[in-house]
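S.K.: Take this structure first; my questions come after.
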Amino acid sequence: MNTLESSSKIKQLIASRREGWTLPGAFYQEDDIYRTEMNSIWRRQWLFAGHTDQVGQPGDFFVVTVDTDSILIIHGLDGTIRAMHNICRHRGTLICQAESGHAKKLVCPYHQWSYSTDGTLEHWRGMQEDLDKSELGLVKLPLRTIEGMIYICLSASPPDFDPAYNSMLPMALPQGLAQAKVAKQVDYIVEANWKLVWENNRECYHCNAHHPQYMRANYDHYNEDDTTDLIRRKIDFAIERDEKRWKDAGLAINHKRTGMVCFPDPDNDIWYASNRTPLAEGYVSETMDGKQVSTLMGDYPNADVGTIRMRTMPNMWMHGSCDHAVLTRLLPVGFNKTRVSVLWLVDQNAVEGEDYQLDQIMPFWQLTSEQDWEICRLAQQGVSSGGYRPGPYSTYKEYNVDAFVRWYLKSLSIDL
Amino acid sequence: MNTLESSSKIKQLIASRREGWTLPGAFYQEDDIYRTEMNSIWRRQWLFAGHTDQVGQPGDFFVVTVDTDSILIIHGLDGTIRAMHNICRHRGTLICQAESGHAKKLVCPYHQWSYSTDGTLEHWRGMQEDLDKSELGLVKLPLRTIEGMIYICLSASPPDFDPAYNSMLPMALPQGLAQAKVAKQVDYIVEANWKLVWENNRECYHCNAHHPQYMRANYDHYNEDDTTDLIRRKIDFAIERDEKRWKDAGLAINHKRTGMVCFPDPDNDIWYASNRTPLAEGYVSETMDGKQVSTLMGDYPNADVGTIRMRTMPNMWMHGSCDHAVLTRLLPVGFNKTRVSVLWLVDQNAVEGEDYQLDQIMPFWQLTSEQDWEICRLAQQGVSSGGYRPGPYSTYKEYNVDAFVRWYLKSLSIDL
Amino acid sequence: MNTLESSSKIKQLIASRREGWTLPGAFYQEDDIYRTEMNSIWRRQWLFAGHTDQVGQPGDFFVVTVDTDSILIIHGLDGTIRAMHNICRHRGTLICQAESGHAKKLVCPYHQWSYSTDGTLEHWRGMQEDLDKSELGLVKLPLRTIEGMIYICLSASPPDFDPAYNSMLPMALPQGLAQAKVAKQVDYIVEANWKLVWENNRECYHCNAHHPQYMRANYDHYNEDDTTDLIRRKIDFAIERDEKRWKDAGLAINHKRTGMVCFPDPDNDIWYASNRTPLAEGYVSETMDGKQVSTLMGDYPNADVGTIRMRTMPNMWMHGSCDHAVLTRLLPVGFNKTRVSVLWLVDQNAVEGEDYQLDQIMPFWQLTSEQDWEICRLAQQGVSSGGYRPGPYSTYKEYNVDAFVRWYLKSLSIDL
């Protein structure tokens with residue numbers, strides 16, 4: 001399908017969407033829409049890539065694969081962390097094969113063109129004299145960090161990053177994300193379109209039935225069927241009490257509602273969010289029993305800090321407790337598959353086996369994640385059916401799914 | 001490829017077909033033709049889904065997957081068997097994951113929208129008050145039965161079913177199909193386009209070489225190379241003798257020719273057929289040794305009833321002996337793959353191990369089927385070759401393949 | 001995508017190519033370009049199919065699969081070797097299932113249409129009398145041989161073969177290729193576009209790092225970084241010395257440069273090449289230790305004959321030593337996969353275990369081949385990235401890759 005036809009088809013599909021209802025099925029199963037998304041969203045916006053701890057030492061690198069594009073995140077010998085296409089400028093060969101590693105220079109396996117860790121082409125043998133080596137360095141990509149969280153953009157003209165930085169910093173700082181280390185990473189291939197993974201994330205309407213451990217820890221009870229005035233009052237009391245305490249402790253507060261802060265906000269181009277929210281009675285960490293499972297992170301004076309939550313479109317969300325934080329990264333690998341990586345972070349000085357045990361910090365979010373991937377798989381099967389018809393979002397519980405869909409359609413429309 | 005281009009291409013291909021010769025190769029290997037078939041044939045015509053015994057009790061259900069569409073066949077608690085899209089009206093999730101099962105109500109796994117077994121939306125929590133629950137029931141599909149054989153249509157405006165019903169009933173009734181049970185189902189993925197499976201079915205020109213057990217049981221010897229007047233006279237004698245006896249026994253006779261009754265008939269829009277035909281000397285059932293292998297079905301006074309055969313386009317054929325019946329159901333899963341299910345039926349009161357043994361009722365049609373799937377696979381490989389050119393059908397032996405092709409092209413043309 | 005759009009897109013891509021630089025990435029990853037290649041190159045030009053030893057006896061056959069097309073190479077009972085589509089003219093079924101075998105006649109498995117080994121339709125049963133059997137023989141394809149090397153063309157109007165024949169014969173004759181036998185064939189599926197396999201073949205810039213055994217045996221040291229006048233003089237001396245000796249021995253010499261003879265030559269439509277080149281000191285055969293590993297081939301008076309090399313676009317190259325020869329055949333199986341067969345030939349009278357051992361004749365080219373396939377795989381991954389940008393070829397070392405790319409683009413343009 002050529003661009004004109006495809007554009008026209010997508011415009012018609014967008015126009016056909018009933019406000020407040022789910023997307024037409026084509027958005028989840030047609031390759032030309034997926035390719036449009038790759039160009040209009042994924043190769044244009046800021047993407048969460050990983051954590052600086054993954055490139056702790058000069059020469060450390062890891063590779064991020066966005067659709068077909070292999071991106072190298074490398075800690076240069078000069079101390080700077082950079083993002084570059086992992087593709088030799090000679091014949092286009094993949095340079096680093098490993099998903100992560102350590103290198104003093106970057107040597108293409110094919111003809112040994114050799115680049116410094118800042119991407120400068122340093123050695124080539126046998127090339128003609130009239131070529132300009134300085135024009136053939138590795139293609140660099142914009143990179144920014146927020147307290148250890150690395151963001152890259154596949155476009156040379158990225159959107160403004162500062163609003164996101166300024167908004168998220170006050171929450172990321174006390175959490176000590178810059179002084180964290182990755183205790184564990186688990187990768188999944190979820191058999192669902194990346195939008196279904198977000199749509200799942202943007203509501204807790206499904207939490208009661210699927211995430212018992214999550215429901216015990218959080219005040220998302222707001223979403224329970226048995227919402228009563230009594231429960232509402234308990235929640236309001238907890239928030240008021242905790243916020244006062246946190247304010248006294250100097251912990252930023254920017255939002256009073258529980259987990260389901262309004263996000264994203266396409267009308268104001270808000271693709272980033274962060275907030276602090278109380279945990280349920282008896283919980284000081286998002287763990288199976290609510291108990292602290294590692295040393296305190298960052299500047300926290302004690303364990304009583306609730307949880308922080310951050311999200312950036314189109315591919316990151318995180319939950320931070322007093323003692324650990326969990327970052328989730330999405331990467332699309334086709335219209336019906338998403339690579340999801342979950343990273344567990346602890347304080348960089350915490351020692352495995354002494355200060356923390358993996359089987360204590362991991363189960364809460366590993367369970368919650370895997371429960372969600374299974375639902376997403378069933379959703380992909382359903383929306384791919386000829387019998388699927390768009391349905392209504394709950395204005396009480398799915399306003400954020402609707403916000404996501406509106407953000408998506410606005411983003412997708414940019415080049416149509 | 002857009003619809004206009006695709007339509008134009010298909011029209012040209014149809015026009016290029018030489019009468020009485022096989023189809024151009026594109027019909028077996030191009031995705032846009034497959035999609036046109038799905039809409040013009042498979043989502044428009046009556047499809048055989050299964051047998052009422054598979055949903056014997058209120059709450060019993062099974063799932064039929066037609067291309068991407070998951071269809072639920074469920075025996076409602078009110079006693080009615082219905083077909084519905086197996087897709088929640090909320091976010092489009094697949095409701096029943098199992099291929100078959102039992103349910104008192106239908107609960108979507110995602111947010112627990114709950115439907116009665118007649119598809120009525122009964123419970124949703126947390127949805128806004130201005131939505132009309134009655135408009136969000138499961139999408140129902142037309143369903144009809146002929147003596148236990150369930151037919152569904154994916155279109156809300158199905159073709160007239162009555163002619164098929166009236167034509168097939170007199171043959172289905174004495175066979176006792178409504179009082180049968182499924183003794184066994186075997187599913188296959190045949191690596192061939194669904195039309196090749198039909199083209200194989202619509203002639204016995206290949207039977208001599210491939211189906212020795214079938215040839216011994218049937219008077220399709222008409223197709224043998226060594227056809228002589230003597231053999232012809234023997235066959236005519238058998239038919240005359242049997243038909244007289246069957247007529248006396250009240251068994252409907254609607255056709256004198258052996259197995260290869262003319263079918264389908266696109267000129268008269270005949271997509272259904274049934275006939276009774278004699279078995280060879282010494283055979284009372286389509287079994288390896290011709291012997292009866294289960295209790296008599298239906299109203300049959302004795303085993304001497306020949307076999308009945310029924311077929312409906314685009315996805316069912318069956319062979320019924322005095323003591324068992326075998327139904328074959330086709331479901332396309334792409335332009336080069338077909339899911340085929342073979343169901344062995346016996347009288348509902350027959351007891352496995354006492355009245356019948358699976359290893360006695362199954363081998364005849366299991367062998368014959370599997371022999372055919374292998375030929376179909378080779379045919380798919382051949383017609384996909386750039387070296388394939390259409391060839392001539394035998395007017396003696398392949399008139400029904402030609403009839404199928406003409407039926408197919410007429411059906412395909414409906415929206416071009 | 002329809003033909004007009006696709007043609008227009010390909011023309012733009014061709015126009016966008018910077019002279020002397022690599023191809024845009026679309027050429028390696030888009031299906032419509034692959035299909036254009038299949039029609040403009042692979043179904044139009046002469047393809048290397050195999051060796052006459054593979055069909056040594058009347059009735060012997062083997063099958064070559066070019067994209068979707070199954071081609072039968074058969075030694076007729078009349079003594080003639082022919083190429084025919086391996087597809088029955090009746091319903092299009094694949095006739096020979098085995099990759100090679102022996103047959104006195106060709107019988108379609110479906111309805112037993114029977115062809116003689118020259119493709120004549122001999123028997124059909126049950127077909128109407130007004131059909132002309134003589135018009136329904138197997139579809140024959142042009143076939144030519146050069147001293148045992150079989151070439152076929154999928155077009156009925158092949159390009160002129162004589163220039164290739166006349167050019168290659170003087171090199172093939174003394175090598176005794178017509179009196180050779182296939183000692184071993186190894187097949188690979190290389191996960192790369194067929195052009196990347198050629199681009200790898202058309203330079204030895206990568207040899208130092210990847211092919212140590214090859215570098216020890218050959219004077220491709222020309223490509224080493226440490227090229228010095230001394231080394232150049234040594235090479236020139238070796239060539240002058242060897243060529244004089246070969247000329248005295250009556251061995252054709254048509255080129256003075258080492259391995260990297262200029263090839264192909266799109267400006268003069270040269271798609272074939274052959275040359276003789278010296279081996280390094282101490283080597284008389286392309287083997288791991290340079291020693292002779294089988295009886296002398298052809299007319300060679302002694303082992304001191306260097307190596308011959310032949311290549312024909314789009315799918316063959318070979319290296320011949322005094323005692324064995326290695327032919328490599330490419331067959332595309334999609335835009336990112338290539339089936340590669342490597343054939344080891346020895347004199348037909350050589351006896352395995354006595355005159356040669358497979359583990360002595362094979363490792364040199366098996367290693368070299370497998371090293372290349374791995375690089376090709378990495379190249380495919382790289383050029384498929386959105387971060388890939390065309391890069392410059394070395395005018396010293398990659399002039400032949402550039403020649404290949406120019407040959408390719410000229411060939412591809414033929415129908416645009």
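Order determines the names: the first chain of the structure tokens is A, the second B, and so forth; residues in each chain are numbered 1 upward, and ligands are numbered 1 upward as they are shown.
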Just want the 10 Å neighbourhood of Ser369 of chain A, counted on only C-alpha atoms, with same-chain residues fewer than 2 positions away dropped. Output as a PyMOL selection string.

M.R.: chain A and resi 188+201+211+328+340+342+363-367+371-374

S.K.: List the neighbours of Asp69 of chain B out to 8 Å using only C-alpha atoms; skip same-chain residues closer than 2 positions along the sequence, and give me the result as a list in words.

M.R.: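 Returned residues: Ser384, Ser385, Gly386 and Gly387 of chain A; Thr65, Val66, Asp67, Ile71 and His85 of chain B.
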
S.K.: What lies within 8 Å of Gln380 of chain A using only C-alpha atoms, ignoring chain neighbours under 4 positions off, as a list in words?

M.R.: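 Those residues are Tyr28, Glu191, Ala192, Asn193, Leu196, Asn336, Cys376 and Ser384 of chain A; Thr93 of chain B.
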
S.K.: Of the candidates C:Pro390, C:Gly137, C:Gly92, C:Pro158, which one gets nearest to chain B if we count only C-alpha atoms?

M.R.: C:Gly92

S.K.: Return the neighbours of chain C among the residues of chain B, cut-off 7 Å, counting only C-alpha atoms, as a PyMOL selection string.

M.R.: chain B and resi 1+22+205-206+225+375+378-379+381-392+394-397

S.K.: DSSP on the backbone: which residues in segment 226-301 of chain B end up as helix (DSSP H, G or I)? Give the answer as a ChimeraX atom specification.

M.R.: /B:229-248,266-268

S.K.: Quick one: pull the distance between atom CA of Glu281 of chain C and atom CA of Trp317 of chain C, Å, one decimal.

M.R.: 24.2 Å

S.K.: Mind checking which residues fall within 12 Å of Trp42 of chain A, counting only C-alpha atoms, ignoring those fewer than 2 positions away in the same chain, and posting them as a ChimeraX atom specification?

M.R.: /A:34-40,44-48,65-69,152-155,158,194,313-315,330-333,408,411-412 /C:386

S.K.: Mind writing the picked residues with N, CA, C and O atoms as a short mmCIF file (atom, residue, chain, number, x, y, z; two decimals), in the first residue's frame?

M.R.:
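For reference, result-v3.cif as written:
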data_model
loop_
_atom_site.label_atom_id
_atom_site.label_comp_id
_atom_site.auth_asym_id
_atom_site.auth_seq_id
_atom_site.Cartn_x
_atom_site.Cartn_y
_atom_site.Cartn_z
N TYR A 34 1.18 -0.14 11.58
CA TYR A 34 2.36 -0.34 12.43
C TYR A 34 3.55 0.45 11.92
O TYR A 34 4.25 1.13 12.67
N ARG A 35 3.76 0.43 10.62
CA ARG A 35 4.91 1.16 10.06
C ARG A 35 4.73 2.67 10.21
O ARG A 35 5.68 3.40 10.45
N THR A 36 3.50 3.12 10.09
CA THR A 36 3.24 4.54 10.31
C THR A 36 3.54 4.91 11.76
O THR A 36 4.16 5.94 12.05
N GLU A 37 3.13 4.05 12.69
CA GLU A 37 3.45 4.29 14.10
C GLU A 37 4.95 4.36 14.34
O GLU A 37 5.43 5.19 15.11
N MET A 38 5.68 3.45 13.69
CA MET A 38 7.13 3.43 13.89
C MET A 38 7.73 4.77 13.50
O MET A 38 8.59 5.31 14.20
N ASN A 39 7.27 5.34 12.41
CA ASN A 39 7.84 6.60 11.95
C ASN A 39 7.29 7.81 12.69
O ASN A 39 8.03 8.72 13.02
N SER A 40 5.99 7.81 12.97
CA SER A 40 5.38 9.00 13.55
C SER A 40 5.55 9.06 15.06
O SER A 40 5.50 10.14 15.65
N ARG A 44 10.36 9.23 16.54
CA ARG A 44 10.22 10.68 16.66
C ARG A 44 10.23 11.12 18.12
O ARG A 44 10.67 12.22 18.42
N GLN A 45 9.78 10.27 19.01
CA GLN A 45 9.64 10.68 20.40
C GLN A 45 10.79 10.16 21.27
O GLN A 45 11.60 9.36 20.83
N TRP A 46 10.85 10.64 22.49
CA TRP A 46 11.87 10.17 23.44
C TRP A 46 11.50 8.77 23.93
O TRP A 46 10.37 8.52 24.33
N LEU A 47 12.48 7.88 23.90
CA LEU A 47 12.25 6.50 24.34
C LEU A 47 13.13 6.20 25.55
O LEU A 47 14.32 6.53 25.56
N PHE A 48 12.55 5.56 26.51
CA PHE A 48 13.35 5.08 27.63
C PHE A 48 14.22 3.92 27.16
O PHE A 48 13.73 2.97 26.54
N THR A 65 16.98 -2.53 20.86
CA THR A 65 16.45 -2.76 19.52
C THR A 65 15.03 -2.20 19.42
O THR A 65 14.12 -2.68 20.07
N VAL A 66 14.87 -1.16 18.62
CA VAL A 66 13.57 -0.52 18.43
C VAL A 66 13.07 -0.89 17.04
O VAL A 66 13.64 -0.44 16.05
N ASP A 67 12.06 -1.74 16.97
CA ASP A 67 11.62 -2.27 15.69
C ASP A 67 12.83 -2.90 15.00
O ASP A 67 13.41 -3.83 15.55
N THR A 68 13.25 -2.42 13.85
CA THR A 68 14.42 -3.02 13.18
C THR A 68 15.73 -2.36 13.58
O THR A 68 16.79 -2.80 13.12
N ASP A 69 15.67 -1.29 14.39
CA ASP A 69 16.87 -0.48 14.60
C ASP A 69 17.65 -0.89 15.84
O ASP A 69 17.09 -0.94 16.94
N ILE A 152 16.54 8.17 24.88
CA ILE A 152 17.13 8.44 23.57
C ILE A 152 16.02 8.83 22.61
O ILE A 152 14.83 8.60 22.87
N CYS A 153 16.42 9.42 21.51
CA CYS A 153 15.44 9.76 20.48
C CYS A 153 16.04 9.37 19.13
O CYS A 153 17.19 9.71 18.83
N LEU A 154 15.27 8.65 18.31
CA LEU A 154 15.78 8.20 17.03
C LEU A 154 15.74 9.29 15.97
O LEU A 154 16.22 9.09 14.85
N SER A 155 15.17 10.42 16.34
CA SER A 155 15.16 11.55 15.41
C SER A 155 16.25 12.53 15.81
O SER A 155 16.53 12.74 16.99
N PRO A 158 14.67 16.03 18.18
CA PRO A 158 13.77 15.47 19.20
C PRO A 158 12.84 16.54 19.77
O PRO A 158 13.14 17.74 19.69
N TRP A 194 1.74 -3.18 21.02
CA TRP A 194 2.24 -2.36 22.15
C TRP A 194 1.14 -1.48 22.75
O TRP A 194 1.18 -1.18 23.95
N MET A 313 5.48 8.34 27.82
CA MET A 313 5.05 7.78 26.55
C MET A 313 6.22 7.84 25.58
O MET A 313 6.97 8.82 25.61
N PRO A 314 6.38 6.85 24.74
CA PRO A 314 5.51 5.70 24.52
C PRO A 314 5.99 4.40 25.15
O PRO A 314 5.46 3.37 24.81
N ASN A 315 6.98 4.44 26.12
CA ASN A 315 7.51 3.11 26.45
C ASN A 315 8.05 2.89 27.86
O ASN A 315 8.83 1.97 28.06
N LEU A 330 8.98 -0.85 27.14
CA LEU A 330 8.32 -1.51 26.00
C LEU A 330 9.10 -1.22 24.71
O LEU A 330 9.54 -0.09 24.49
N LEU A 331 9.21 -2.24 23.88
CA LEU A 331 9.80 -2.05 22.55
C LEU A 331 8.99 -2.89 21.56
O LEU A 331 8.87 -4.11 21.74
N PRO A 332 8.46 -2.29 20.52
CA PRO A 332 7.61 -3.02 19.58
C PRO A 332 8.46 -3.89 18.65
O PRO A 332 9.55 -3.49 18.24
N VAL A 333 7.96 -5.07 18.35
CA VAL A 333 8.66 -5.94 17.39
C VAL A 333 7.69 -6.47 16.34
O VAL A 333 7.79 -7.63 15.92
N TYR A 408 -2.46 8.72 21.39
CA TYR A 408 -1.97 7.90 20.28
C TYR A 408 -2.45 8.44 18.94
O TYR A 408 -1.67 8.62 18.00
N SER A 411 -0.74 11.64 18.05
CA SER A 411 0.66 11.40 17.66
C SER A 411 0.74 10.78 16.28
O SER A 411 1.61 11.12 15.47
N LEU A 412 -0.16 9.84 16.02
CA LEU A 412 -0.15 9.14 14.73
C LEU A 412 -0.47 10.08 13.58
O LEU A 412 -0.02 9.89 12.45
N GLY C 386 16.78 0.91 10.52
CA GLY C 386 16.46 2.28 10.15
C GLY C 386 17.67 3.19 10.29
O GLY C 386 17.68 4.30 9.76
#

S.K.: Out of A:Leu77, A:Cys204, A:Ala209, A:Met362, which residue has the shortest atom-to-atom distance to Trp113 of chain B when counting only C-alpha atoms?

M.R.: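 Checking each of A:Leu77, A:Cys204, A:Ala209, A:Met362 against Trp113 of chain B, counting only C-alpha atoms, the winner is A:Ala209.
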
S.K.: Tell me which protein, DNA and RNA residues are within 12 Å of Ala350 of chain B, counting only C-alpha atoms, leaving out same-chain ones fewer than 3 positions away, and put them as a compact mmCIF listing (two decimals) with all heavy atoms, in the first residue's frame.

M.R.:
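New file result-v6.txt:
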# COMPACT_ATOMS: atom_id res chain seq x y z
N GLN B 179 -29.93 -38.13 16.77
CA GLN B 179 -29.78 -39.01 17.95
C GLN B 179 -28.39 -39.62 18.00
O GLN B 179 -28.19 -40.72 18.51
CB GLN B 179 -30.84 -40.13 17.94
CG GLN B 179 -32.26 -39.63 18.08
CD GLN B 179 -32.82 -39.17 16.75
OE1 GLN B 179 -32.62 -39.80 15.72
NE2 GLN B 179 -33.52 -38.02 16.74
N ALA B 180 -27.43 -38.90 17.45
CA ALA B 180 -26.06 -39.43 17.40
C ALA B 180 -25.20 -38.75 18.44
O ALA B 180 -25.56 -37.73 19.01
CB ALA B 180 -25.47 -39.18 16.01
N LYS B 181 -24.03 -39.32 18.69
CA LYS B 181 -23.03 -38.66 19.53
C LYS B 181 -21.69 -38.70 18.81
O LYS B 181 -21.44 -39.56 17.96
CB LYS B 181 -22.93 -39.35 20.90
CG LYS B 181 -22.34 -40.76 20.86
CD LYS B 181 -22.11 -41.27 22.28
CE LYS B 181 -21.46 -42.66 22.23
NZ LYS B 181 -21.30 -43.25 23.58
N VAL B 182 -20.83 -37.76 19.17
CA VAL B 182 -19.50 -37.71 18.58
C VAL B 182 -18.61 -38.69 19.34
O VAL B 182 -18.29 -38.47 20.51
CB VAL B 182 -18.92 -36.27 18.65
CG1 VAL B 182 -17.51 -36.25 18.09
CG2 VAL B 182 -19.82 -35.29 17.90
N ALA B 183 -18.23 -39.74 18.66
CA ALA B 183 -17.38 -40.74 19.31
C ALA B 183 -15.93 -40.27 19.32
O ALA B 183 -15.16 -40.60 20.23
CB ALA B 183 -17.48 -42.09 18.58
N VAL B 293 -19.81 -52.15 12.61
CA VAL B 293 -18.92 -51.94 13.75
C VAL B 293 -19.59 -51.22 14.93
O VAL B 293 -18.94 -50.90 15.92
CB VAL B 293 -17.65 -51.16 13.34
CG1 VAL B 293 -16.72 -52.03 12.51
CG2 VAL B 293 -18.02 -49.88 12.60
N SER B 294 -20.86 -50.91 14.79
CA SER B 294 -21.57 -50.33 15.94
C SER B 294 -23.05 -50.65 15.78
O SER B 294 -23.47 -51.26 14.78
CB SER B 294 -21.34 -48.82 16.02
OG SER B 294 -21.90 -48.29 17.21
N THR B 295 -23.84 -50.25 16.77
CA THR B 295 -25.28 -50.48 16.67
C THR B 295 -25.86 -49.65 15.54
O THR B 295 -25.31 -48.63 15.16
CB THR B 295 -25.98 -50.10 18.00
OG1 THR B 295 -25.55 -48.78 18.35
CG2 THR B 295 -25.58 -51.06 19.11
N LEU B 296 -26.98 -50.08 15.00
CA LEU B 296 -27.59 -49.36 13.89
C LEU B 296 -27.99 -47.96 14.33
O LEU B 296 -28.41 -47.75 15.46
CB LEU B 296 -28.83 -50.12 13.38
CG LEU B 296 -28.55 -51.45 12.68
CD1 LEU B 296 -29.87 -52.13 12.31
CD2 LEU B 296 -27.68 -51.25 11.44
N MET B 297 -27.84 -47.04 13.41
CA MET B 297 -28.23 -45.66 13.71
C MET B 297 -29.67 -45.41 13.26
O MET B 297 -30.17 -46.06 12.34
CB MET B 297 -27.30 -44.68 12.99
CG MET B 297 -25.88 -44.67 13.52
SD MET B 297 -24.84 -43.41 12.70
CE MET B 297 -25.36 -41.91 13.53
N GLY B 298 -30.28 -44.43 13.88
CA GLY B 298 -31.56 -43.91 13.44
C GLY B 298 -32.64 -44.95 13.27
O GLY B 298 -32.83 -45.83 14.12
N ASP B 323 -24.15 -47.80 10.61
CA ASP B 323 -23.78 -47.85 12.03
C ASP B 323 -22.94 -46.67 12.50
O ASP B 323 -22.69 -46.51 13.69
CB ASP B 323 -23.02 -49.15 12.31
CG ASP B 323 -21.85 -49.33 11.36
OD1 ASP B 323 -21.73 -48.52 10.40
OD2 ASP B 323 -21.06 -50.27 11.56
N HIS B 324 -22.45 -45.87 11.56
CA HIS B 324 -21.67 -44.70 11.97
C HIS B 324 -21.69 -43.69 10.83
O HIS B 324 -22.04 -44.02 9.69
CB HIS B 324 -20.24 -45.06 12.38
CG HIS B 324 -19.33 -45.39 11.24
ND1 HIS B 324 -19.48 -46.50 10.44
CD2 HIS B 324 -18.26 -44.72 10.74
CE1 HIS B 324 -18.54 -46.52 9.52
NE2 HIS B 324 -17.79 -45.45 9.67
N LEU B 345 -19.37 -40.16 14.18
CA LEU B 345 -20.62 -40.21 14.96
C LEU B 345 -21.14 -41.64 15.04
O LEU B 345 -21.05 -42.41 14.07
CB LEU B 345 -21.69 -39.35 14.29
CG LEU B 345 -21.79 -37.88 14.70
CD1 LEU B 345 -20.50 -37.15 14.33
CD2 LEU B 345 -22.98 -37.22 14.05
N VAL B 346 -21.69 -41.97 16.19
CA VAL B 346 -22.39 -43.25 16.36
C VAL B 346 -23.71 -42.95 17.06
O VAL B 346 -23.95 -41.83 17.51
CB VAL B 346 -21.57 -44.26 17.20
CG1 VAL B 346 -20.28 -44.65 16.48
CG2 VAL B 346 -21.27 -43.68 18.59
N ASP B 347 -24.53 -43.96 17.17
CA ASP B 347 -25.79 -43.77 17.88
C ASP B 347 -25.52 -43.35 19.31
O ASP B 347 -24.56 -43.82 19.94
CB ASP B 347 -26.59 -45.08 17.88
CG ASP B 347 -27.94 -44.91 18.56
OD1 ASP B 347 -28.85 -44.33 17.94
OD2 ASP B 347 -28.04 -45.31 19.75
N GLY B 353 -16.39 -49.63 23.64
CA GLY B 353 -15.85 -50.83 24.29
C GLY B 353 -16.85 -51.96 24.31
O GLY B 353 -16.48 -53.13 24.36
N GLU B 354 -18.14 -51.58 24.27
CA GLU B 354 -19.16 -52.64 24.20
C GLU B 354 -19.76 -52.69 22.80
O GLU B 354 -19.60 -53.65 22.07
CB GLU B 354 -20.26 -52.37 25.23
CG GLU B 354 -19.73 -52.48 26.67
CD GLU B 354 -20.85 -52.26 27.69
OE1 GLU B 354 -22.05 -52.43 27.34
OE2 GLU B 354 -20.53 -51.92 28.85
N ASP B 355 -20.41 -51.56 22.43
CA ASP B 355 -21.09 -51.55 21.13
C ASP B 355 -20.15 -51.20 19.99
O ASP B 355 -20.42 -51.51 18.83
CB ASP B 355 -22.26 -50.57 21.17
CG ASP B 355 -23.29 -50.97 22.22
OD1 ASP B 355 -23.69 -52.15 22.21
OD2 ASP B 355 -23.66 -50.12 23.05
N TYR B 356 -19.11 -50.48 20.29
CA TYR B 356 -18.16 -50.11 19.22
C TYR B 356 -16.76 -49.91 19.79
O TYR B 356 -16.59 -49.70 21.00
CB TYR B 356 -18.62 -48.83 18.51
CG TYR B 356 -18.53 -47.58 19.36
CD1 TYR B 356 -17.39 -46.76 19.32
CD2 TYR B 356 -19.58 -47.19 20.20
CE1 TYR B 356 -17.29 -45.63 20.10
CE2 TYR B 356 -19.49 -46.05 20.99
CZ TYR B 356 -18.35 -45.28 20.93
OH TYR B 356 -18.26 -44.15 21.70
N GLN B 357 -15.78 -50.07 18.93
CA GLN B 357 -14.39 -49.83 19.27
C GLN B 357 -13.89 -48.74 18.32
O GLN B 357 -14.11 -48.82 17.12
CB GLN B 357 -13.53 -51.08 19.03
CG GLN B 357 -14.13 -52.39 19.50
CD GLN B 357 -13.99 -52.55 21.00
OE1 GLN B 357 -13.24 -51.81 21.65
NE2 GLN B 357 -14.71 -53.51 21.56
N LEU B 358 -13.18 -47.74 18.88
CA LEU B 358 -12.65 -46.67 18.02
C LEU B 358 -11.75 -47.23 16.92
O LEU B 358 -11.77 -46.76 15.79
CB LEU B 358 -11.89 -45.63 18.86
CG LEU B 358 -12.78 -44.71 19.71
CD1 LEU B 358 -11.92 -43.73 20.49
CD2 LEU B 358 -13.79 -43.96 18.83
